[in-house]
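So this block is start_24.tsv, TSV, C-alpha atoms:
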```tsv
chain	number	residue	atom	x	y	z
B	1	MET	CA	0.00	0.00	0.00
B	2	GLN	CA	1.28	3.44	-0.97
B	3	ASN	CA	1.93	5.81	1.93
B	4	TYR	CA	0.90	9.37	1.06
B	5	LEU	CA	2.31	12.56	2.55
B	6	ASP	CA	0.10	15.47	3.65
B	7	PHE	CA	0.63	17.44	0.44
B	8	GLU	CA	-0.23	14.37	-1.66
B	9	LYS	CA	-3.89	14.12	-0.54
B	10	GLY	CA	-5.23	15.16	-3.95
B	11	LEU	CA	-2.99	12.58	-5.58
B	12	ALA	CA	-4.24	9.91	-3.18
B	13	GLU	CA	-7.84	10.62	-4.16
B	14	ILE	CA	-7.13	10.35	-7.89
B	15	GLU	CA	-5.10	7.16	-7.59
B	16	GLY	CA	-7.71	5.73	-5.24
B	17	LYS	CA	-10.47	6.35	-7.78
B	18	ALA	CA	-8.39	4.70	-10.52
B	19	GLU	CA	-7.85	1.66	-8.33
B	20	GLU	CA	-11.57	1.48	-7.50
B	21	LEU	CA	-12.36	1.39	-11.23
B	22	ARG	CA	-9.85	-1.40	-11.79
B	23	ALA	CA	-11.28	-3.34	-8.86
B	24	LEU	CA	-14.71	-2.99	-10.47
B	25	SER	CA	-13.23	-4.21	-13.77
B	26	ARG	CA	-11.76	-7.27	-12.06
B	27	LYS	CA	-15.18	-8.16	-10.65
B	28	ASN	CA	-16.98	-7.37	-13.90
B	29	PRO	CA	-14.66	-7.70	-16.92
B	30	ASP	CA	-17.37	-6.29	-19.22
B	31	ALA	CA	-17.46	-2.94	-17.39
B	32	PRO	CA	-16.10	-0.23	-19.73
B	33	VAL	CA	-13.85	1.49	-17.19
B	34	GLU	CA	-10.33	1.06	-18.55
B	35	LYS	CA	-10.37	4.28	-20.57
B	36	GLU	CA	-11.54	6.29	-17.57
B	37	ALA	CA	-8.94	4.62	-15.33
B	38	ALA	CA	-6.19	5.42	-17.85
B	39	ALA	CA	-7.29	9.06	-17.90
B	40	LEU	CA	-7.08	9.16	-14.11
B	41	ASP	CA	-3.60	7.59	-14.27
B	42	GLN	CA	-2.43	10.35	-16.60
B	43	LYS	CA	-3.97	13.01	-14.37
B	44	ALA	CA	-2.21	11.50	-11.35
B	45	HIS	CA	1.12	11.39	-13.20
B	46	ASP	CA	0.82	15.05	-14.21
B	47	LEU	CA	-0.07	16.09	-10.68
B	48	LEU	CA	2.79	14.04	-9.23
B	49	ARG	CA	5.24	15.65	-11.65
B	50	ASP	CA	4.02	19.15	-10.78
B	51	LEU	CA	4.12	18.49	-7.02
B	52	TYR	CA	7.69	17.19	-7.06
B	53	ALA	CA	8.95	19.88	-9.42
B	54	ASN	CA	8.10	22.58	-6.87
B	55	LEU	CA	8.83	21.15	-3.43
B	56	ASP	CA	9.66	23.73	-0.77
B	57	ALA	CA	12.16	23.00	2.00
B	58	TRP	CA	9.58	21.66	4.45
B	59	ARG	CA	8.05	19.31	1.89
B	60	LYS	CA	11.52	18.03	1.06
B	61	CYS	CA	11.93	17.22	4.77
B	62	GLN	CA	8.72	15.22	4.61
B	63	VAL	CA	9.88	13.35	1.52
B	64	ALA	CA	13.31	12.69	3.05
B	65	ARG	CA	11.58	11.06	6.04
B	66	HIS	CA	9.17	8.98	3.95
B	67	PRO	CA	9.06	5.45	5.42
B	68	ASP	CA	9.13	3.83	1.98
B	69	ARG	CA	12.40	5.37	0.85
B	70	PRO	CA	15.16	2.76	0.46
B	71	HIS	CA	17.31	2.51	3.58
B	72	THR	CA	20.96	1.61	4.10
B	73	ALA	CA	20.16	-2.11	4.34
B	74	ASP	CA	18.44	-1.93	0.95
B	75	TYR	CA	21.45	-0.21	-0.63
B	76	ILE	CA	23.85	-2.73	0.87
B	77	ARG	CA	21.82	-5.65	-0.53
B	78	ALA	CA	21.57	-4.06	-3.98
B	79	LEU	CA	24.96	-2.40	-4.46
B	80	PHE	CA	27.46	-4.60	-2.65
B	81	THR	CA	28.52	-8.21	-2.96
B	82	GLU	CA	30.30	-10.43	-0.43
B	83	TYR	CA	29.12	-8.13	2.35
B	84	MET	CA	30.54	-9.19	5.70
B	85	PRO	CA	29.07	-7.16	8.58
B	86	LEU	CA	31.36	-6.30	11.47
B	87	ALA	CA	29.84	-5.68	14.89
B	88	GLY	CA	30.77	-3.95	18.11
B	89	ASP	CA	33.11	-1.17	19.15
B	90	ARG	CA	35.46	-3.53	21.08
B	91	ASN	CA	34.67	-1.48	24.15
B	92	PHE	CA	31.03	-1.52	25.21
B	93	ALA	CA	28.44	-2.96	22.82
B	94	GLU	CA	27.07	-3.40	19.32
B	95	ASP	CA	24.93	-0.53	18.01
B	96	ARG	CA	22.38	-1.66	15.43
B	97	ALA	CA	21.67	1.93	14.40
B	98	VAL	CA	24.94	1.71	12.44
B	99	LEU	CA	25.55	-0.96	9.84
B	100	GLY	CA	29.01	-1.54	8.48
B	101	GLY	CA	31.49	-4.05	7.23
B	102	LEU	CA	33.65	-5.28	4.38
B	103	ALA	CA	32.17	-5.70	0.91
B	104	ARG	CA	32.81	-5.42	-2.80
B	105	PHE	CA	31.52	-2.55	-4.91
B	106	ASP	CA	31.82	-3.22	-8.64
B	107	ASP	CA	34.14	-6.08	-7.64
B	108	ARG	CA	36.41	-3.67	-5.73
B	109	PRO	CA	36.99	-4.30	-1.99
B	110	VAL	CA	35.58	-1.48	0.13
B	111	VAL	CA	34.36	-0.66	3.62
B	112	VAL	CA	30.73	0.46	3.84
B	113	ILE	CA	29.17	2.30	6.81
B	114	GLY	CA	25.67	3.66	7.19
B	115	HIS	CA	22.78	4.59	9.45
B	116	GLU	CA	19.81	2.23	9.41
B	117	LYS	CA	16.37	3.45	10.53
B	118	GLY	CA	14.38	0.27	9.97
B	119	ASN	CA	11.15	-0.06	8.00
B	120	ASP	CA	8.58	-1.40	10.47
B	121	THR	CA	7.93	-1.14	14.20
B	122	ARG	CA	10.13	-4.09	15.16
B	123	SER	CA	13.10	-3.09	13.00
B	124	ARG	CA	12.83	0.58	13.93
B	125	ILE	CA	13.12	-0.31	17.60
B	126	GLU	CA	15.97	-2.72	16.84
B	127	HIS	CA	17.87	0.00	14.96
B	128	ASN	CA	16.87	2.78	17.39
B	129	PHE	CA	15.31	4.73	14.50
B	130	GLY	CA	18.76	5.31	13.02
B	131	MET	CA	19.96	7.34	16.02
B	132	ALA	CA	23.44	6.08	16.88
B	133	ARG	CA	24.87	5.80	20.38
B	134	PRO	CA	28.57	6.31	21.20
B	135	GLU	CA	29.35	2.68	20.43
B	136	GLY	CA	28.00	3.16	16.91
B	137	TYR	CA	30.45	5.97	16.20
B	138	ARG	CA	33.28	4.01	17.80
B	139	LYS	CA	32.41	1.05	15.59
B	140	ALA	CA	32.64	3.39	12.59
B	141	VAL	CA	36.08	4.56	13.75
B	142	ARG	CA	37.18	0.92	13.99
B	143	LEU	CA	35.96	0.29	10.44
B	144	MET	CA	37.70	3.38	9.09
B	145	ASP	CA	40.93	2.31	10.80
B	146	LEU	CA	40.57	-1.06	9.09
B	147	ALA	CA	40.01	0.60	5.73
B	148	ASP	CA	43.07	2.82	6.19
B	149	ARG	CA	45.27	-0.11	7.18
B	150	PHE	CA	44.33	-2.22	4.17
B	151	ARG	CA	43.98	0.66	1.67
B	152	LEU	CA	40.25	0.16	1.10
B	153	PRO	CA	37.95	2.99	-0.04
B	154	VAL	CA	35.20	3.98	2.39
B	155	ILE	CA	31.58	4.47	1.32
B	156	SER	CA	29.12	5.92	3.83
B	157	LEU	CA	25.33	6.23	3.59
B	158	ILE	CA	23.72	8.94	5.70
B	159	ASP	CA	20.17	8.68	7.03
B	160	THR	CA	19.61	9.87	10.60
B	161	THR	CA	17.68	12.52	12.46
B	162	GLY	CA	20.74	12.87	14.67
B	163	ALA	CA	22.72	11.11	17.36
B	164	TYR	CA	20.75	9.50	20.17
B	165	PRO	CA	20.32	12.07	23.00
B	166	GLY	CA	19.62	9.62	25.84
B	167	LYS	CA	21.15	9.76	29.31
B	168	GLY	CA	23.19	6.58	28.82
B	169	ALA	CA	24.63	7.85	25.55
B	170	GLU	CA	25.72	11.08	27.21
B	171	GLU	CA	27.26	9.18	30.11
B	172	ARG	CA	29.31	7.09	27.67
B	173	GLY	CA	30.69	10.15	25.87
B	174	GLN	CA	28.38	10.82	22.93
B	175	SER	CA	29.93	14.13	21.88
B	176	GLU	CA	33.48	12.76	22.21
B	177	ALA	CA	32.57	9.73	20.08
B	178	ILE	CA	31.10	11.95	17.35
B	179	ALA	CA	34.19	14.17	17.42
B	180	ARG	CA	36.53	11.15	17.18
B	181	SER	CA	34.57	9.79	14.23
B	182	THR	CA	34.71	13.14	12.44
B	183	GLU	CA	38.44	13.37	13.19
B	184	LYS	CA	38.96	9.88	11.76
B	185	CYS	CA	37.10	10.86	8.58
B	186	LEU	CA	39.65	13.64	8.06
B	187	ALA	CA	42.65	11.47	8.95
B	188	ILE	CA	42.26	8.39	6.76
B	189	GLY	CA	44.39	8.27	3.63
B	190	VAL	CA	42.00	6.36	1.38
B	191	PRO	CA	39.21	7.57	-0.96
B	192	PHE	CA	36.09	8.39	1.03
B	193	VAL	CA	32.70	9.08	-0.58
B	194	SER	CA	29.39	9.68	1.15
B	195	VAL	CA	25.74	9.91	0.07
B	196	VAL	CA	22.86	11.43	2.03
B	197	ILE	CA	20.00	9.07	1.15
B	198	GLY	CA	17.36	10.57	3.46
B	199	GLU	CA	17.99	12.79	6.47
B	200	GLY	CA	21.39	14.15	7.36
B	201	GLY	CA	20.84	15.40	10.87
B	202	SER	CA	23.39	17.34	12.92
B	203	GLY	CA	26.68	15.90	14.20
B	204	GLY	CA	25.24	12.43	13.93
B	205	ALA	CA	25.44	12.82	10.15
B	206	VAL	CA	28.67	14.84	10.00
B	207	ALA	CA	30.48	12.02	11.83
B	208	PHE	CA	30.09	9.83	8.72
B	209	ALA	CA	29.90	12.54	6.04
B	210	THR	CA	33.23	14.36	6.37
B	211	ALA	CA	34.29	12.84	3.07
B	212	ASP	CA	36.29	13.65	-0.07
B	213	ARG	CA	33.04	13.65	-2.04
B	214	LEU	CA	29.57	14.17	-0.59
B	215	ALA	CA	26.44	13.66	-2.69
B	216	MET	CA	22.78	14.06	-1.79
B	217	LEU	CA	19.69	12.57	-3.31
B	218	GLU	CA	17.53	15.28	-4.84
B	219	HIS	CA	14.89	15.23	-2.10
B	220	SER	CA	17.13	14.49	0.88
B	221	VAL	CA	18.05	17.08	3.53
B	222	TYR	CA	21.21	17.89	5.49
B	223	SER	CA	21.29	20.36	8.36
B	224	VAL	CA	22.74	21.23	11.73
B	225	ILE	CA	19.36	20.74	13.45
B	226	SER	CA	15.88	19.54	12.56
B	227	PRO	CA	13.35	22.22	11.51
B	228	GLU	CA	11.23	21.36	14.55
B	229	GLY	CA	14.21	21.72	16.90
B	230	CYS	CA	15.24	24.99	15.28
B	231	ALA	CA	11.69	26.38	15.55
B	232	SER	CA	11.51	25.39	19.23
B	233	ILE	CA	14.71	27.31	19.96
B	234	LEU	CA	14.18	30.41	17.82
B	235	TRP	CA	10.43	30.89	18.08
B	236	LYS	CA	9.62	28.72	21.13
B	237	ASN	CA	7.10	27.07	18.83
B	238	ALA	CA	7.71	23.80	16.98
B	239	GLU	CA	4.82	24.65	14.63
B	240	LYS	CA	7.12	27.17	12.94
B	241	MET	CA	8.98	24.28	11.30
B	242	LYS	CA	8.16	25.46	7.77
B	243	GLU	CA	9.85	28.81	8.36
B	244	ALA	CA	12.78	27.06	10.05
B	245	ALA	CA	13.21	24.64	7.15
B	246	ALA	CA	13.43	27.52	4.70
B	247	ALA	CA	15.91	29.42	6.89
B	248	LEU	CA	18.19	26.41	7.43
B	249	ARG	CA	18.99	26.05	3.70
B	250	LEU	CA	18.92	22.28	4.15
B	251	THR	CA	17.99	21.22	0.61
B	252	ALA	CA	20.46	19.53	-1.72
B	253	GLN	CA	20.06	22.35	-4.23
B	254	ASP	CA	20.98	25.09	-1.73
B	255	LEU	CA	23.85	23.08	-0.26
B	256	LEU	CA	25.34	22.50	-3.71
B	257	LYS	CA	25.35	26.26	-4.32
B	258	LEU	CA	26.96	26.81	-0.91
B	259	GLY	CA	29.70	24.29	-1.64
B	260	VAL	CA	28.75	22.00	1.25
B	261	ILE	CA	28.09	19.06	-1.09
B	262	ASP	CA	29.62	18.07	-4.41
B	263	ARG	CA	26.67	16.76	-6.42
B	264	VAL	CA	22.92	16.18	-6.43
B	265	ILE	CA	21.64	12.77	-7.51
B	266	PRO	CA	18.31	13.16	-9.37
B	267	GLU	CA	15.39	11.12	-8.09
B	268	PRO	CA	12.66	9.63	-10.29
B	269	VAL	CA	9.37	11.53	-10.53
B	270	GLY	CA	7.58	11.07	-7.22
B	271	GLY	CA	10.73	10.50	-5.21
B	272	ALA	CA	12.83	7.50	-4.20
B	273	GLN	CA	9.90	5.98	-2.32
B	274	ARG	CA	8.00	5.34	-5.54
B	275	HIS	CA	10.93	4.00	-7.55
B	276	PRO	CA	13.48	2.49	-5.13
B	277	ASP	CA	15.26	0.29	-7.70
B	278	GLU	CA	15.84	3.17	-10.09
B	279	THR	CA	17.02	5.39	-7.24
B	280	ILE	CA	19.49	2.77	-6.04
B	281	SER	CA	20.80	2.42	-9.59
B	282	ARG	CA	21.41	6.18	-9.77
B	283	VAL	CA	23.23	6.10	-6.44
B	284	ARG	CA	25.42	3.30	-7.78
B	285	GLU	CA	26.40	5.45	-10.76
B	286	ALA	CA	27.18	8.43	-8.53
B	287	ILE	CA	29.34	6.39	-6.15
B	288	ALA	CA	31.26	4.83	-9.05
B	289	SER	CA	31.84	8.27	-10.58
B	290	MET	CA	33.03	9.81	-7.30
B	291	LEU	CA	35.41	6.92	-6.63
B	292	ALA	CA	36.80	7.28	-10.16
B	293	GLU	CA	37.54	10.96	-9.47
B	294	LEU	CA	39.66	9.96	-6.47
B	295	SER	CA	41.38	6.99	-8.06
B	296	GLY	CA	45.16	7.02	-7.94
B	297	MET	CA	45.47	9.87	-5.42
B	298	ALA	CA	48.19	9.41	-2.80
B	299	PRO	CA	47.18	9.34	0.90
B	300	GLU	CA	48.70	12.73	1.67
B	301	ALA	CA	47.05	14.27	-1.39
B	302	LEU	CA	43.68	12.92	-0.25
B	303	ARG	CA	44.11	14.25	3.28
B	304	SER	CA	45.27	17.65	2.06
B	305	ALA	CA	42.43	18.05	-0.44
B	306	ARG	CA	39.86	16.91	2.12
B	307	ARG	CA	41.19	19.36	4.69
B	308	ARG	CA	41.14	22.20	2.17
B	309	LYS	CA	37.59	21.35	1.14
B	310	PHE	CA	36.28	21.78	4.67
B	311	LEU	CA	38.37	24.86	5.43
B	312	ASP	CA	36.90	26.52	2.34
B	313	MET	CA	33.29	25.96	3.44
B	314	GLY	CA	31.52	29.23	4.16
B	315	SER	CA	33.28	31.09	1.35
B	316	LYS	CA	30.32	30.75	-1.04
B	317	SER	CA	26.88	32.34	-0.84
B	318	LEU	CA	23.50	31.84	-2.48
B	319	VAL	CA	23.57	35.35	-3.97
```

Would you mind writing the file's structure down as structure tokens?
Amino acid sequence: MQNYLDFEKGLAEIEGKAEELRALSRKNPDAPVEKEAAALDQKAHDLLRDLYANLDAWRKCQVARHPDRPHTADYIRALFTEYMPLAGDRNFAEDRAVLGGLARFDDRPVVVIGHEKGNDTRSRIEHNFGMARPEGYRKAVRLMDLADRFRLPVISLIDTTGAYPGKGAEERGQSEAIARSTEKCLAIGVPFVSVVIGEGGSGGAVAFATADRLAMLEHSVYSVISPEGCASILWKNAEKMKEAAAALRLTAQDLLKLGVIDRVIPEPVGGAQRHPDETISRVREAIASMLAELSGMAPEALRSARRRKFLDMGSKSLV
């Protein structure tokens, strides 16, 4: 069953009517409804195209959070072969909010790391809704150390509302773990590419996204705070999230202009949630292209260019 967002209510009605006509046709094959159903399909397609051609920042946040968008586990199954998950931070525990391990991408050995939100109640609880604890970031550091030691490229997939803010996480050094992970991203001497596939929230995202090349799916978002959190702080009113989303400049299009990201990966009409296989294929092409750009670079050249990239952030404007 298709999950519809608030701004897709009109679309839901049209597609619902088309499905009702087809259900009638299945019960009564002689009913002359196919032409009318096809007309409704075309109307729905046109409306879908118009809706997704003019998404504002808040609607992009809604799309980025859509439960049917492909998650890290889906990308790992589709893009990587011989995936061998590695668990635990060798210190405290395993964090299922972070998936990672050794794999092959286009028959090339790599290390893959990503946030996993889950796609139903059970898996969302298991993966803590993609909100990593300190042990998740320390596991990522361990994986990046492994990649650096064996000269393996790192590929990270970003999809989190942010790091888990619970009492236990703070007691175990959440901010220090995020900082160490970010530091490790800057220190490794191997090609490092990252893709924001849904939400890129706060330091929880930066800890995996401080890469040589950072791409975003067209309707994903990446920001220092959620629109609701920003609205609560600035206006003392979480209902001001639309204004906050616009002010945060969190869309892929704005961040490309600002030089925060390196490319935008187009999504099919209607977003990744409607065409997951095509979206995953486009992400594959983008990752392969970004890795090719970094191929043959020496470790020191990679570190130097990565450092320069982040030092230069803030030098561009949207004007």

B:Leu250, B:Leu5, B:Val196, B:Leu186 ranked by distance to Arg308 in chain B, top pick (using all atoms listed in the file): B:Leu186

Contacts of Glu82 in chain B within 12 Å, all atoms listed in the file, excl. fewer than 4 positions in-chain, as a PyMOL selection string: chain B and resi 76-78+101-112

Contacts of Glu293 in chain B within 10 Å, all atoms listed in the file, excl. fewer than 4 positions in-chain, as an mmCIF file with C-alpha atoms, keeping the file's coordinate frame:
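Result went into out-v5.cif, see below:
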```
data_model
loop_
_atom_site.group_PDB
_atom_site.id
_atom_site.type_symbol
_atom_site.label_atom_id
_atom_site.label_comp_id
_atom_site.auth_asym_id
_atom_site.auth_seq_id
_atom_site.Cartn_x
_atom_site.Cartn_y
_atom_site.Cartn_z
ATOM 1 C CA PRO B 191 39.210 7.570 -0.960
ATOM 2 C CA ASP B 212 36.290 13.650 -0.070
ATOM 3 C CA ARG B 213 33.040 13.650 -2.040
ATOM 4 C CA ILE B 287 29.340 6.390 -6.150
ATOM 5 C CA ALA B 288 31.260 4.830 -9.050
ATOM 6 C CA SER B 289 31.840 8.270 -10.580
ATOM 7 C CA MET B 297 45.470 9.870 -5.420
#
```

Ref. answer, residues at most 12 Å from (-6.2, 4.6, -13.8) with all atoms listed in the file, as a PyMOL selection string: chain B and resi 11+13-25+33-45

Could you give me the centre and size, in Å to one decimal, of an axis-aligned box around all listed atoms of range 261-278 of chain B with 5 Å added on every side, as AutoDock Vina command-line options?
```
--center_x 18.6 --center_y 9.7 --center_z -5.8 --size_x 32.0 --size_y 28.8 --size_z 19.4
```

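Counting all atoms listed in the file and comparing B:Ala140, B:Gly229, B:Asn237, B:Asp74, the residue that lies closest to Ala87 in chain B is B:Ala140.
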
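The two atoms in question, CA of Gln174 in chain B and CA of Phe150 in chain B, are spaced 27.9 Å apart.
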
B:Ala12, B:Lys60, B:Ser194, B:Leu79 ranked by distance to Leu291 in chain B, top pick (using only C-alpha atoms): B:Ser194

Distance query Ser175 in chain B at most 10 Å, all atoms listed in the file, self and fewer than 6 positions along chain excluded, as a tab-separated table (two decimals) with C-alpha atoms, in the coordinates of the input:
```
chain	number	residue	atom	x	y	z
B	133	ARG	CA	24.87	5.80	20.38
B	134	PRO	CA	28.57	6.31	21.20
B	137	TYR	CA	30.45	5.97	16.20
B	163	ALA	CA	22.72	11.11	17.36
B	165	PRO	CA	20.32	12.07	23.00
B	169	ALA	CA	24.63	7.85	25.55
B	181	SER	CA	34.57	9.79	14.23
B	203	GLY	CA	26.68	15.90	14.20
B	204	GLY	CA	25.24	12.43	13.93
```

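Proximity to Ser295 in chain B was assessed for B:Leu256, B:Leu311, B:Ala211, B:Val190 counting all atoms listed in the file; the smallest distance is recorded for B:Val190.
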
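Restricting the calculation to all atoms listed in the file, the smallest distance between Pro266 in chain B and any of B:Ala93, B:Met216, B:Val63, B:Met313 is found for B:Met216.
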
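Minimum atom-to-atom distances from B:His275, B:His219, B:His127, B:Lys117 to Asn54 in chain B were compared using all atoms listed in the file, and the lowest value belongs to B:His219.
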